[in-house]
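As provided, model_24.cif (mmCIF, C-alpha atoms) reads as follows.
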```cif
data_data
loop_
_atom_site.label_atom_id
_atom_site.label_comp_id
_atom_site.auth_asym_id
_atom_site.auth_seq_id
_atom_site.Cartn_x
_atom_site.Cartn_y
_atom_site.Cartn_z
CA MET E 1 0.00 0.00 0.00
CA ARG E 2 1.51 3.29 -1.09
CA LEU E 3 0.99 6.50 0.92
CA LEU E 4 1.96 10.12 0.52
CA LEU E 5 2.76 11.86 3.82
CA ALA E 6 2.55 15.66 3.74
CA GLU E 7 3.76 16.98 7.11
CA ASP E 8 5.88 20.13 7.51
CA GLU E 9 7.34 19.16 10.90
CA ARG E 10 10.36 17.16 9.74
CA ALA E 11 10.92 15.27 12.99
CA LEU E 12 7.29 14.15 13.08
CA SER E 13 7.42 13.28 9.38
CA LYS E 14 10.49 11.11 9.93
CA ALA E 15 8.85 9.34 12.89
CA LEU E 16 5.61 8.74 10.98
CA THR E 17 7.51 7.42 7.98
CA ALA E 18 9.34 4.95 10.21
CA ILE E 19 6.08 3.78 11.84
CA LEU E 20 4.34 3.35 8.50
CA GLU E 21 7.25 1.56 6.83
CA ARG E 22 7.54 -0.86 9.78
CA ASN E 23 3.89 -1.66 9.11
CA ASN E 24 4.50 -2.49 5.42
CA TYR E 25 3.42 0.83 3.94
CA SER E 26 5.54 2.44 1.29
CA VAL E 27 5.80 6.16 2.08
CA ASP E 28 6.83 9.25 0.15
CA ALA E 29 7.21 12.22 2.51
CA VAL E 30 6.89 15.87 1.50
CA TYR E 31 7.02 18.99 3.65
CA ASP E 32 4.68 21.47 1.98
CA GLY E 33 1.37 21.51 0.15
CA GLN E 34 2.77 22.38 -3.27
CA SER E 35 5.08 19.36 -3.15
CA ALA E 36 2.09 17.22 -2.15
CA LEU E 37 0.19 18.41 -5.22
CA ASP E 38 3.23 17.79 -7.44
CA TYR E 39 3.70 14.24 -6.12
CA LEU E 40 0.01 13.46 -6.46
CA GLU E 41 0.01 14.67 -10.05
CA ALA E 42 3.11 12.63 -10.94
CA ASP E 43 2.26 9.36 -9.20
CA ASN E 44 -0.46 7.04 -7.91
CA TYR E 45 -1.08 6.67 -4.19
CA ASP E 46 -3.54 4.53 -2.23
CA GLY E 47 -3.98 7.23 0.39
CA VAL E 48 -2.62 10.47 1.79
CA VAL E 49 -1.84 11.60 5.33
CA LEU E 50 -2.09 15.36 5.17
CA ASP E 51 -1.30 18.18 7.59
CA ILE E 52 -3.56 21.22 7.24
CA MET E 53 -1.19 24.03 8.23
CA MET E 54 1.67 23.70 5.73
CA PRO E 55 3.79 26.18 3.79
CA LYS E 56 3.08 27.18 0.16
CA VAL E 57 -0.34 25.48 -0.13
CA ASP E 58 -2.46 24.52 2.88
CA GLY E 59 -3.76 21.00 3.37
CA LEU E 60 -7.40 21.88 2.68
CA THR E 61 -6.47 23.20 -0.76
CA VAL E 62 -4.52 20.00 -1.46
CA LEU E 63 -7.46 17.98 -0.19
CA ARG E 64 -9.88 19.35 -2.74
CA ASN E 65 -7.92 17.55 -5.51
CA LEU E 66 -7.53 14.08 -4.06
CA ILE E 67 -8.07 10.43 -3.22
CA PRO E 68 -8.65 8.98 0.30
CA ILE E 69 -7.30 11.55 2.73
CA LEU E 70 -6.59 11.48 6.43
CA LEU E 71 -6.09 15.02 7.75
CA LEU E 72 -3.44 15.12 10.46
CA THR E 73 -3.42 18.44 12.27
CA ALA E 74 -3.06 20.36 15.50
CA LYS E 75 -6.46 21.97 14.81
CA SER E 76 -8.76 19.96 17.08
CA GLU E 77 -11.90 22.07 17.49
CA VAL E 78 -15.19 20.62 16.23
CA ASP E 79 -15.53 23.41 13.63
CA ASP E 80 -12.05 22.56 12.29
CA LYS E 81 -12.99 18.90 11.99
CA VAL E 82 -16.26 19.75 10.25
CA GLU E 83 -14.47 22.05 7.82
CA GLY E 84 -11.89 19.38 6.97
CA LEU E 85 -14.46 16.61 6.53
CA ASP E 86 -16.77 18.87 4.52
CA ALA E 87 -13.82 19.82 2.29
CA GLY E 88 -13.56 16.16 1.31
CA ALA E 89 -11.38 14.43 3.88
CA ASN E 90 -12.23 10.81 4.61
CA ASP E 91 -11.02 11.11 8.21
CA TYR E 92 -9.50 13.62 10.62
CA LEU E 93 -6.94 12.99 13.37
CA ALA E 94 -5.82 15.69 15.79
CA LYS E 95 -2.26 15.87 17.12
CA PRO E 96 -1.06 14.45 19.44
CA PHE E 97 -2.21 10.96 18.50
CA HIS E 98 -1.26 7.35 19.16
CA SER E 99 0.46 5.46 16.33
CA LYS E 100 -1.99 2.54 16.68
CA GLU E 101 -4.89 4.89 16.01
CA LEU E 102 -3.10 6.43 13.01
CA LEU E 103 -2.52 2.96 11.51
CA ALA E 104 -6.14 1.92 12.12
CA ARG E 105 -7.43 5.06 10.44
CA ILE E 106 -5.14 4.53 7.44
CA ARG E 107 -6.40 0.96 7.12
CA ALA E 108 -9.97 2.29 7.25
CA ILE E 109 -9.54 4.93 4.54
CA THR E 110 -7.68 2.58 2.22
CA ARG E 111 -9.97 -0.40 2.85
CA ALA E 112 -12.22 0.47 -0.08
CA GLN E 113 -9.21 0.66 -2.41
CA THR E 114 -7.93 -2.69 -1.21
CA ALA E 115 -11.33 -4.31 -1.59
CA GLN E 116 -11.81 -2.84 -5.07
CA ALA E 117 -8.43 -3.85 -6.35
CA ASN E 118 -7.99 -7.56 -6.81
CA SER E 119 -5.54 -8.59 -4.14
CA LYS E 120 -3.74 -10.88 -6.60
CA LEU E 121 -2.20 -9.74 -9.86
CA LYS E 122 -1.47 -12.46 -12.38
CA MET E 123 0.74 -12.37 -15.45
CA GLY E 124 1.58 -15.65 -17.12
CA ASN E 125 2.68 -18.05 -14.40
CA VAL E 126 3.63 -15.22 -11.99
CA THR E 127 1.24 -14.11 -9.23
CA LEU E 128 1.74 -11.07 -7.01
CA ASP E 129 -0.30 -11.16 -3.80
CA ARG E 130 -0.86 -7.53 -2.80
CA ALA E 131 -2.15 -8.41 0.66
CA ALA E 132 0.84 -10.59 1.59
CA PHE E 133 3.59 -8.83 -0.44
CA GLU E 134 4.30 -12.26 -1.90
CA LEU E 135 5.49 -13.30 -5.36
CA SER E 136 4.57 -16.81 -6.53
CA THR E 137 5.49 -18.96 -9.49
CA SER E 138 5.26 -22.68 -10.17
CA LYS E 139 8.72 -23.00 -8.57
CA GLY E 140 7.69 -21.47 -5.23
CA SER E 141 6.93 -18.17 -3.53
CA PHE E 142 8.67 -15.57 -1.41
CA ARG E 143 7.92 -12.29 0.33
CA LEU E 144 9.13 -9.09 -1.34
CA ALA E 145 10.64 -6.01 0.27
CA ASN E 146 8.65 -2.76 -0.10
CA LYS E 147 10.60 -1.38 -3.07
CA GLU E 148 10.68 -4.72 -4.88
CA PHE E 149 6.94 -5.06 -4.38
CA GLN E 150 6.27 -1.52 -5.63
CA MET E 151 8.37 -2.01 -8.74
CA LEU E 152 6.77 -5.32 -9.64
CA GLU E 153 3.26 -4.04 -8.92
CA LEU E 154 3.84 -1.01 -11.15
CA LEU E 155 5.03 -3.22 -14.00
CA MET E 156 2.21 -5.74 -13.62
CA CYS E 157 -0.49 -3.04 -13.40
CA ASN E 158 0.81 -1.36 -16.55
CA PRO E 159 1.82 -4.25 -18.84
CA HIS E 160 1.43 -2.34 -22.10
CA GLN E 161 2.81 1.03 -21.00
CA LEU E 162 6.24 2.52 -21.27
CA ILE E 163 7.22 3.66 -17.77
CA SER E 164 9.76 6.44 -17.42
CA SER E 165 12.84 5.75 -15.32
CA GLU E 166 11.88 8.67 -13.04
CA ARG E 167 8.49 7.18 -12.27
CA PHE E 168 9.93 3.71 -11.94
CA LEU E 169 12.57 4.80 -9.42
#
```
Encoded form using structure tokens:
Amino acid sequence: MRLLLAEDERALSKALTAILERNNYSVDAVYDGQSALDYLEADNYDGVVLDIMMPKVDGLTVLRNLIPILLLTAKSEVDDKVEGLDAGANDYLAKPFHSKELLARIRAITRAQTAQANSKLKMGNVTLDRAAFELSTSKGSFRLANKEFQMLELLMCNPHQLISSERFL
């Protein structure tokens, strides 16, 4: 599962990236709203964790253009939550928060994507199990690392497309 993390506090961003990667998420981290928009335009993500108060472009502006979004913010008043949810967010989590709750909320907002997408991609005699990060052939199966999984998934989802080296890497 691929996530974009847009959080301007670099220490928090680094900690969140570590938590998410330990839980088998692949994470691209950016530190301002304009970078979030640029990444979202250039790539496909299963979900976004988005801070509201960011430099260049605020999180609510980014939100209006997107896929499943979890707003992550210090703004915890009911009116702030209502504004974020009405702007299109799928969920809203106020700082400080517990990492278990963050992970549960990410699973919830990406659940529809996971259910919609077939959990197994098949090409010839090769099967990629998206739920287990496992590659199988007639000779056996093994678990892939995050980057290996991402690369293979990208290739298998786009079998007849030329993929630029920038996008691939």
Please tabulate, as a Markdown table, the residues of region 84-161 of chain E that come within 7 Å of region 68-71 of chain E, each with its closest pair of atoms and the distance in Å to one decimal, counting all atoms listed in the file and ordering rows by chain, then residue number upward.
```
| residue | atom | partner | partner_atom | distance |
| --- | --- | --- | --- | --- |
| E:Ala89 | CA | E:Ile69 | CA | 5.1 |
| E:Asn90 | CA | E:Ile69 | CA | 5.3 |
| E:Asp91 | CA | E:Leu70 | CA | 4.8 |
| E:Tyr92 | CA | E:Leu71 | CA | 4.7 |
| E:Leu93 | CA | E:Leu71 | CA | 6.0 |
| E:Ile109 | CA | E:Pro68 | CA | 5.9 |
| E:Thr110 | CA | E:Pro68 | CA | 6.8 |
```
Hey, what comes out of the PyMOL selection byres ((chain E and resi 121) around 8) on this file? Could you write it as a PyMOL selection string?
-> chain E and resi 118-120+122-123+127-130+153+156-157
Quick one: residues within 12 Å of Gly124 (chain E), all atoms listed in the file, excluding same-chain residues fewer than 5 positions away - as a short mmCIF file (atom, residue, chain, number, x, y, z; two decimals) with C-alpha atoms, in the frame of the given file?
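File produced: selection.cif:
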```cif
data_model
loop_
_atom_site.label_atom_id
_atom_site.label_comp_id
_atom_site.auth_asym_id
_atom_site.auth_seq_id
_atom_site.Cartn_x
_atom_site.Cartn_y
_atom_site.Cartn_z
CA SER E 136 4.57 -16.81 -6.53
CA THR E 137 5.49 -18.96 -9.49
CA SER E 138 5.26 -22.68 -10.17
CA MET E 156 2.21 -5.74 -13.62
CA PRO E 159 1.82 -4.25 -18.84
#
```
Please evaluate the PyMOL selection byres ((chain E and resi 3-17) around 6) against the displayed coordinates and give the resulting residues as a list of chain:residue names.
->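 Evaluating the PyMOL selection byres ((chain E and resi 3-17) around 6) on this file yields E:Arg2, E:Ala18, E:Ile19, E:Leu20, E:Glu21, E:Val27, E:Asp28, E:Ala29, E:Val30, E:Tyr31, E:Asp32, E:Tyr45, E:Asp46, E:Gly47, E:Val48, E:Val49, E:Leu50, E:Asp51, E:Met54.
Minimum distance to His98 (chain E) across E:Phe133, E:Glu77, E:Gly84, E:Leu72 (counting only C-alpha atoms) occurs at E:Leu72.
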Quote the spacing between CA of Leu162 (chain E) and CA of Arg111 (chain E) in Å to one decimal place.
-> 29.2 Å
